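With compact mmCIF, C-alpha atoms inside, this is final_32.txt:
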# COMPACT_ATOMS: atom_id res chain seq x y z
CA MET A 1 -78.96 35.63 -5.61
CA THR A 2 -80.50 32.22 -5.20
CA ILE A 3 -79.27 30.16 -2.32
CA VAL A 4 -79.37 26.45 -2.98
CA ARG A 5 -79.90 24.49 0.21
CA LEU A 6 -78.22 21.08 0.15
CA GLU A 7 -80.46 18.55 1.84
CA PRO A 8 -78.83 15.34 3.11
CA ASP A 9 -79.37 12.24 1.04
CA PRO A 10 -82.64 10.75 2.35
CA HIS A 11 -81.27 7.20 2.21
CA THR A 12 -78.29 8.18 4.34
CA ALA A 13 -80.55 10.06 6.71
CA ALA A 14 -82.90 7.09 7.05
CA GLN A 15 -80.13 4.53 7.45
CA THR A 16 -78.50 6.69 10.12
CA LEU A 17 -81.63 6.26 12.19
CA LEU A 18 -82.24 2.56 11.55
CA PRO A 19 -80.49 1.25 14.70
CA TRP A 20 -82.88 3.25 16.84
CA TYR A 21 -85.88 2.61 14.62
CA ALA A 22 -85.30 -1.11 15.12
CA THR A 23 -85.37 -0.67 18.89
CA GLN A 24 -88.20 1.86 18.88
CA ARG A 25 -86.02 4.59 20.32
CA LEU A 26 -86.71 7.36 17.80
CA ASP A 27 -88.39 10.60 18.70
CA ALA A 28 -91.65 11.42 16.94
CA ASP A 29 -90.20 13.51 14.09
CA ASP A 30 -87.50 11.00 13.24
CA LEU A 31 -89.96 8.14 13.49
CA ALA A 32 -92.32 9.81 11.04
CA PHE A 33 -89.48 10.48 8.62
CA VAL A 34 -88.14 6.92 8.72
CA GLU A 35 -91.55 5.32 8.36
CA ALA A 36 -92.41 7.51 5.39
CA HIS A 37 -89.07 6.76 3.75
CA LEU A 38 -89.20 3.02 4.35
CA ALA A 39 -92.66 2.82 2.84
CA GLY A 40 -91.26 3.80 -0.53
CA CYS A 41 -87.66 2.55 -0.42
CA ALA A 42 -86.87 -1.13 -0.88
CA SER A 43 -83.12 -0.71 -0.39
CA CYS A 44 -83.55 0.91 3.03
CA ARG A 45 -86.05 -1.79 3.99
CA ALA A 46 -83.32 -4.30 3.13
CA GLU A 47 -80.93 -2.36 5.37
CA LEU A 48 -83.46 -2.56 8.17
CA ALA A 49 -83.50 -6.33 7.79
CA VAL A 50 -79.74 -6.32 8.45
CA GLU A 51 -80.17 -4.66 11.84
CA ALA A 52 -80.81 -7.94 13.66
CA GLN A 53 -77.58 -9.37 12.25
CA LEU A 54 -75.60 -6.32 13.31
CA ARG A 55 -77.02 -6.58 16.80
CA ALA A 56 -76.10 -10.27 16.95
CA LEU A 57 -72.58 -9.46 15.77
CA GLN A 58 -72.17 -6.95 18.57
CA ALA A 59 -73.56 -9.38 21.14
CA GLN A 60 -71.18 -12.04 19.90
CA ALA A 61 -68.21 -9.69 20.24
CA SER A 62 -69.25 -8.65 23.74
CA ASP A 63 -70.06 -12.16 24.92
CA ALA A 64 -66.61 -13.27 23.82
CA ARG A 65 -65.15 -11.09 26.56
CA PRO A 66 -66.13 -12.41 29.95
CA VAL A 67 -66.99 -9.91 32.62
CA GLY A 68 -65.59 -10.15 36.11
CA ASP A 69 -67.41 -11.75 38.97
CA ALA A 70 -69.85 -9.45 40.78
CA ASP A 71 -69.14 -11.07 44.16
CA HIS A 72 -65.43 -10.49 43.70
CA GLY A 73 -65.99 -6.87 42.70
CA TRP A 74 -68.34 -6.18 45.57
CA ASN A 75 -66.00 -7.72 48.12
CA ALA A 76 -63.07 -5.76 46.66
CA LEU A 77 -65.09 -2.57 46.96
CA ARG A 78 -65.90 -3.26 50.60
CA ARG A 79 -62.34 -4.27 51.44
CA ALA A 80 -60.87 -1.19 49.76
CA HIS A 81 -63.09 1.16 51.64
CA ARG A 82 -63.34 -0.57 54.97
CA GLY A 83 -62.56 1.89 57.70
CA ARG A 84 -63.03 5.02 55.60
CA MET B 1 -68.02 4.57 54.75
CA LEU B 2 -69.35 1.28 53.52
CA ARG B 3 -69.83 0.03 57.08
CA ARG B 4 -73.12 1.67 57.74
CA HIS B 5 -74.87 -1.66 57.46
CA ASN B 6 -73.99 -5.28 57.52
CA PRO B 7 -75.95 -6.22 54.45
CA THR B 8 -77.72 -9.43 53.91
CA ARG B 9 -76.66 -10.83 50.60
CA GLU B 10 -79.06 -9.96 47.84
CA PRO B 11 -79.89 -12.76 45.47
CA GLY B 12 -76.87 -13.36 43.25
CA LYS B 13 -78.86 -13.44 40.08
CA LEU B 14 -80.91 -10.32 39.76
CA ALA B 15 -83.39 -9.89 37.01
CA SER B 16 -81.58 -8.23 34.14
CA ARG B 17 -84.42 -5.81 33.60
CA THR B 18 -85.81 -3.61 36.27
CA THR B 19 -88.23 -0.81 35.76
CA GLU B 20 -87.04 2.76 35.84
CA ASP B 21 -89.22 3.36 38.90
CA GLU B 22 -87.48 0.54 40.75
CA GLU B 23 -84.08 1.96 39.90
CA VAL B 24 -85.10 5.43 41.01
CA ARG B 25 -86.27 3.95 44.31
CA LEU B 26 -82.94 2.14 44.70
CA ILE B 27 -81.07 5.42 44.12
CA GLY B 28 -83.27 7.13 46.70
CA ARG B 29 -82.63 4.41 49.26
CA THR B 30 -78.91 4.54 48.44
CA ALA B 31 -78.97 8.30 49.03
CA GLY B 32 -80.52 7.52 52.39
CA GLY B 33 -77.57 5.29 53.26
CA GLU B 34 -79.14 1.88 52.69
CA LEU B 35 -76.23 -0.33 51.82
CA ARG B 36 -78.54 -3.14 50.81
CA ALA B 37 -80.09 -0.95 48.12
CA PHE B 38 -76.64 0.07 46.95
CA GLU B 39 -75.55 -3.56 46.71
CA THR B 40 -78.62 -4.29 44.62
CA LEU B 41 -77.69 -1.46 42.28
CA TYR B 42 -74.11 -2.66 42.19
CA ARG B 43 -75.08 -6.17 41.15
CA LEU B 44 -77.64 -4.88 38.70
CA TYR B 45 -75.13 -2.68 36.90
CA HIS B 46 -72.02 -4.83 37.29
CA PRO B 47 -72.28 -6.71 33.98
CA ARG B 48 -73.46 -3.74 31.93
CA ILE B 49 -70.91 -1.25 33.19
CA SER B 50 -68.13 -3.86 33.06
CA ARG B 51 -68.77 -4.55 29.39
CA PHE B 52 -69.04 -0.85 28.63
CA LEU B 53 -65.78 -0.04 30.42
CA GLU B 54 -63.99 -2.88 28.70
CA ARG B 55 -65.26 -1.58 25.39
CA VAL B 56 -64.14 1.96 26.06
CA THR B 57 -60.75 1.25 27.62
CA ARG B 58 -59.76 -2.03 25.95
CA ARG B 59 -58.04 -2.76 29.25
CA PRO B 60 -59.65 -5.69 31.06
CA THR B 61 -57.33 -5.19 34.01
CA LEU B 62 -58.74 -1.71 34.59
CA VAL B 63 -62.38 -2.67 34.45
CA GLU B 64 -63.05 -3.76 38.04
CA GLU B 65 -61.23 -0.78 39.51
CA LEU B 66 -63.07 1.66 37.26
CA LEU B 67 -66.37 -0.05 37.93
CA ASN B 68 -65.84 0.25 41.66
CA ASP B 69 -64.74 3.88 41.31
CA THR B 70 -67.93 4.51 39.37
CA MET B 71 -70.13 2.81 41.91
CA LEU B 72 -68.43 4.63 44.76
CA VAL B 73 -69.51 7.88 43.13
CA VAL B 74 -73.03 6.47 42.94
CA TRP B 75 -72.87 5.65 46.65
CA ARG B 76 -71.49 9.02 47.66
CA ARG B 77 -73.46 11.20 45.24
CA ALA B 78 -76.76 9.39 45.02
CA ASP B 79 -78.42 12.40 46.61
CA SER B 80 -77.35 14.50 43.62
CA TYR B 81 -79.34 12.38 41.17
CA ASN B 82 -82.07 14.78 40.09
CA GLY B 83 -84.30 12.51 38.03
CA LEU B 84 -83.88 14.53 34.83
CA SER B 85 -82.22 11.59 33.11
CA LYS B 86 -82.66 7.87 33.49
CA VAL B 87 -80.69 6.22 36.27
CA SER B 88 -78.78 4.20 33.69
CA THR B 89 -77.81 7.37 31.79
CA TRP B 90 -76.53 8.92 34.99
CA ILE B 91 -74.46 5.88 35.96
CA PHE B 92 -73.08 5.26 32.46
CA ALA B 93 -72.03 8.92 32.24
CA ILE B 94 -70.11 8.56 35.50
CA ALA B 95 -68.45 5.39 34.19
CA TYR B 96 -67.57 7.10 30.93
CA ARG B 97 -65.89 10.01 32.71
CA LYS B 98 -63.96 7.59 34.93
CA ALA B 99 -62.78 5.70 31.85
CA LEU B 100 -61.65 8.85 30.07
CA LYS B 101 -59.79 10.04 33.13
CA ALA B 102 -58.02 6.70 33.51
CA LEU B 103 -57.02 6.66 29.85
CA LYS B 104 -55.75 10.20 30.11
CA GLN B 105 -53.57 9.17 33.03
CA LEU B 106 -52.25 6.34 30.89
CA ASP B 107 -51.65 8.90 28.15
CA GLU B 108 -53.43 6.75 25.62
CA PRO B 109 -55.89 7.96 23.03
CA VAL B 110 -59.37 6.60 23.58
CA GLY B 111 -60.11 3.58 21.47
CA ARG B 112 -56.52 2.61 20.72
CA ARG B 113 -55.60 -0.89 21.64
CA GLY B 114 -52.25 -2.08 22.87
CA GLY B 115 -50.72 1.08 24.22
CA ARG B 116 -48.40 3.60 22.65
CA ARG B 117 -46.95 3.15 19.22
CA ALA B 118 -43.23 3.19 18.88
CA PRO B 119 -41.69 6.40 17.57
CA VAL B 120 -41.72 6.58 13.79
CA ALA B 121 -37.97 6.15 13.45
CA ARG B 122 -38.04 2.91 15.44
CA ARG B 123 -40.84 1.29 13.56
CA ARG B 124 -39.81 -1.59 11.39
CA PRO B 125 -40.34 -0.77 7.74
CA ARG B 126 -43.05 -2.84 6.19
CA ALA B 127 -41.81 -4.69 3.14
CA LYS B 128 -45.15 -5.01 1.47
CA PRO B 129 -48.79 -4.51 2.35
CA ARG B 130 -50.06 -7.27 4.56
CA LEU B 131 -53.11 -9.11 3.40
CA ARG B 132 -55.70 -9.83 6.00
CA PRO B 133 -57.08 -13.36 5.75
CA VAL B 134 -60.78 -13.67 5.13
CA ALA B 135 -61.19 -15.60 8.39
CA ARG B 136 -59.76 -12.67 10.32
CA ARG B 137 -62.01 -10.26 8.49
CA ALA B 138 -64.98 -12.24 9.73
CA ASP B 139 -63.90 -11.73 13.34
CA PRO B 140 -65.89 -8.83 14.77
CA ARG B 141 -62.87 -7.80 16.79
CA ALA B 142 -60.51 -7.84 13.82
CA ARG B 143 -61.32 -4.36 12.61
CA ARG B 144 -62.75 -2.15 15.25
CA PRO B 145 -64.19 1.23 14.60
CA VAL B 146 -61.96 3.94 15.98
CA GLY B 147 -62.53 7.17 17.82
CA GLY B 148 -65.93 7.63 19.42
CA ALA B 149 -67.62 4.98 17.34
CA PRO B 150 -67.03 1.98 19.66
CA ARG B 151 -68.73 3.74 22.54
CA VAL B 152 -71.66 4.81 20.43
CA ILE B 153 -72.07 1.40 18.84
CA ALA B 154 -71.82 -0.39 22.19
CA LEU B 155 -74.39 1.91 23.73
CA THR B 156 -76.68 1.65 20.72
CA TYR B 157 -76.57 -2.05 19.97
CA PHE B 158 -75.53 -3.70 23.18
CA HIS B 159 -77.09 -1.45 25.76
CA ASP B 160 -80.17 -0.54 23.71
CA MET B 161 -79.87 3.18 24.37
CA GLY B 162 -81.42 6.00 22.39
CA TYR B 163 -79.37 8.74 20.77
CA GLN B 164 -80.45 11.30 23.36
CA GLU B 165 -79.19 9.12 26.22
CA ILE B 166 -75.93 8.43 24.40
CA SER B 167 -75.49 12.13 23.78
CA GLU B 168 -75.76 12.77 27.50
CA ILE B 169 -73.38 9.96 28.40
CA VAL B 170 -70.58 10.84 26.02
CA ASP B 171 -71.32 14.55 26.30
CA CYS B 172 -71.58 15.41 22.63
CA PRO B 173 -74.37 16.65 20.36
CA VAL B 174 -77.07 14.25 19.20
CA ASP B 175 -76.11 14.83 15.56
CA THR B 176 -72.56 13.75 16.36
CA VAL B 177 -73.89 10.57 17.94
CA LYS B 178 -75.94 9.87 14.82
CA THR B 179 -72.99 10.49 12.52
CA ARG B 180 -70.66 8.28 14.54
CA ALA B 181 -73.26 5.53 14.61
CA PHE B 182 -73.76 5.77 10.88
CA HIS B 183 -70.08 5.34 10.09
CA ALA B 184 -69.63 2.62 12.69
CA ARG B 185 -72.67 0.83 11.32
CA ARG B 186 -71.16 0.86 7.84
CA ARG B 187 -67.94 -0.66 9.13
CA LEU B 188 -69.87 -3.25 11.08
CA ARG B 189 -72.04 -3.95 8.06
CA ALA B 190 -68.96 -4.78 6.03
CA LEU B 191 -68.14 -7.59 8.48
CA LEU B 192 -71.29 -9.49 7.68
CA PRO B 193 -70.90 -12.52 5.42
CA GLY B 194 -71.86 -12.02 1.83
CA THR B 195 -70.91 -8.38 1.65
CA LEU B 196 -69.00 -6.96 -1.26
CA GLU B 197 -65.81 -6.89 0.77
CA ASP B 198 -65.61 -10.68 0.72
CA TRP B 199 -65.06 -10.48 -3.02
CA LEU B 200 -62.34 -7.84 -2.97

Once more with this new file: its structure as structure tokens, please.
Amino acid sequence: MTIVRLEPDPHTAAQTLLPWYATQRLDADDLAFVEAHLAGCASCRAELAVEAQLRALQAQASDARPVGDADHGWNALRRAHRGR
Amino acid sequence: MLRRHNPTREPGKLASRTTEDEEVRLIGRTAGGELRAFETLYRLYHPRISRFLERVTRRPTLVEELLNDTMLVVWRRADSYNGLSKVSTWIFAIAYRKALKALKQLDEPVGRRGGRRAPVARRRPRAKPRLRPVARRADPRARRPVGGAPRVIALTYFHDMGYQEISEIVDCPVDTVKTRAFHARRRLRALLPGTLEDWL
């Protein structure tokens, strides 16, 4: 009996790794795979170009929510645990 | 316990980037009871952990308390940091566990916004499907990824972490991190102007 092994779609596999390729956080095997794929795939290169926009969108969403004041947090921490 | 020293205030604005070696030294000094080193770590991680906790819990009112709970663990358990992971991975993992515990106590699924849903019988029947205006679609907060995706996306895009680090923080396999990121990326991608969704 012949067993047919289903390999994942290479475009999906490459695009899954693009966020980390863009920030140079891939391990050696994944890096080699993505670079080889991008060299011959225009559509995935176009997806890579979108990465900067996605990052900006995330930054925009996070910046819209102000974080608390570090001084306030630090003083609250010290007050809460004074005497312990 | 926090009275071991009367710390001199560290500069309010710390450089946003420190080297890993510097952070490891700060952890070591914190383990040795140096409150000044701990305060430096606190201020260094305050904005990053705050944003992460807000992202995970969707509860701004919980953030400071959870942040301080997290940093108290750092203070008390700094001597247990073994150097096998980055300092940031260790601290984010503590914060993540604190967030999950708090949400569990609130009895809310992770990632849901706005608390419990009303029982089915009490929900008002919807007369017709509501159309979401295009302007709302363009808002990054309008349609958030659900489940584990917000954490993964925040850690990937906002905190610049690799999949191995994220796997350690959220305590799930690397392949799961990749899959979650892929689906979250697709949802995020659809929010960009000029995508097919704008025409539908």

Given all atoms listed in the file, how would the per-residue table for stretch 1-50 of chain A near stretch 173-191 of chain B read, listing every residue at most 12 Å away with its closest atom pair and distance in Å to one decimal, sorted by chain and number, as CSV?
residue,atom,partner,partner_atom,distance
A:His11,CA,B:Phe182,CA,11.6
A:Thr12,CA,B:Phe182,CA,8.3
A:Ala13,CA,B:Phe182,CA,9.0
A:Ala14,CA,B:Phe182,CA,10.0
A:Gln15,CA,B:Phe182,CA,7.3
A:Thr16,CA,B:Phe182,CA,4.9
A:Leu17,CA,B:Lys178,CA,7.2
A:Leu18,CA,B:Phe182,CA,9.1
A:Pro19,CA,B:Ala181,CA,8.4
A:Trp20,CA,B:Lys178,CA,9.8
A:Leu26,CA,B:Lys178,CA,11.5
A:Asp27,CA,B:Val174,CA,11.9
A:Asp30,CA,B:Lys178,CA,11.7
A:Glu47,CA,B:Arg189,CA,9.4
A:Leu48,CA,B:Arg189,CA,11.5
A:Ala49,CA,B:Arg189,CA,11.7
A:Val50,CA,B:Arg189,CA,8.1

Worksheet entry | Interface list for chain B, partner chain A, 9 Å threshold, only C-alpha atoms, as an MDAnalysis selection string | chainID B and resid 1:3 12 39 42:43 46:48 50:51 54:55 60 63:65 67:69 71:72 139:141 153:154 156:158 160:163 178:179 181:183 185 188:189 191:192

Worksheet item: For the atom pair atom CA of B:Cys172 and atom CA of B:Leu84, what is the interatomic distance in Å to one decimal place?
Response: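 For atom CA of B:Cys172 relative to atom CA of B:Leu84, the distance reads 17.3 Å.
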
Worksheet item: What gap, in Å, lies between atom CA of B:Ser88 and atom CA of B:Glu168?
Response: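 About the pair atom CA of B:Ser88 and atom CA of B:Glu168: they are 11.0 Å apart.
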
Item to complete: Would you work out the distance separating atom CA of B:Val56 from atom CA of B:Tyr96, expressed in Å to one decimal?
Response: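 If I compute the distance from atom CA of B:Val56 to atom CA of B:Tyr96, I get 7.9 Å.
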
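Of the listed residues (B:Val170, B:Leu44, B:Ala95, B:Val87), B:Val87 comes nearest to B:Ile27; the distances count all atoms listed in the file.
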
Worksheet item: With distances taken over all atoms listed in the file, which of B:Thr30, B:Thr18, B:Gln105, B:Thr40 is nearest to B:Tyr81?
Response: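 Ranked by minimum distance to B:Tyr81, first place goes to B:Thr30.
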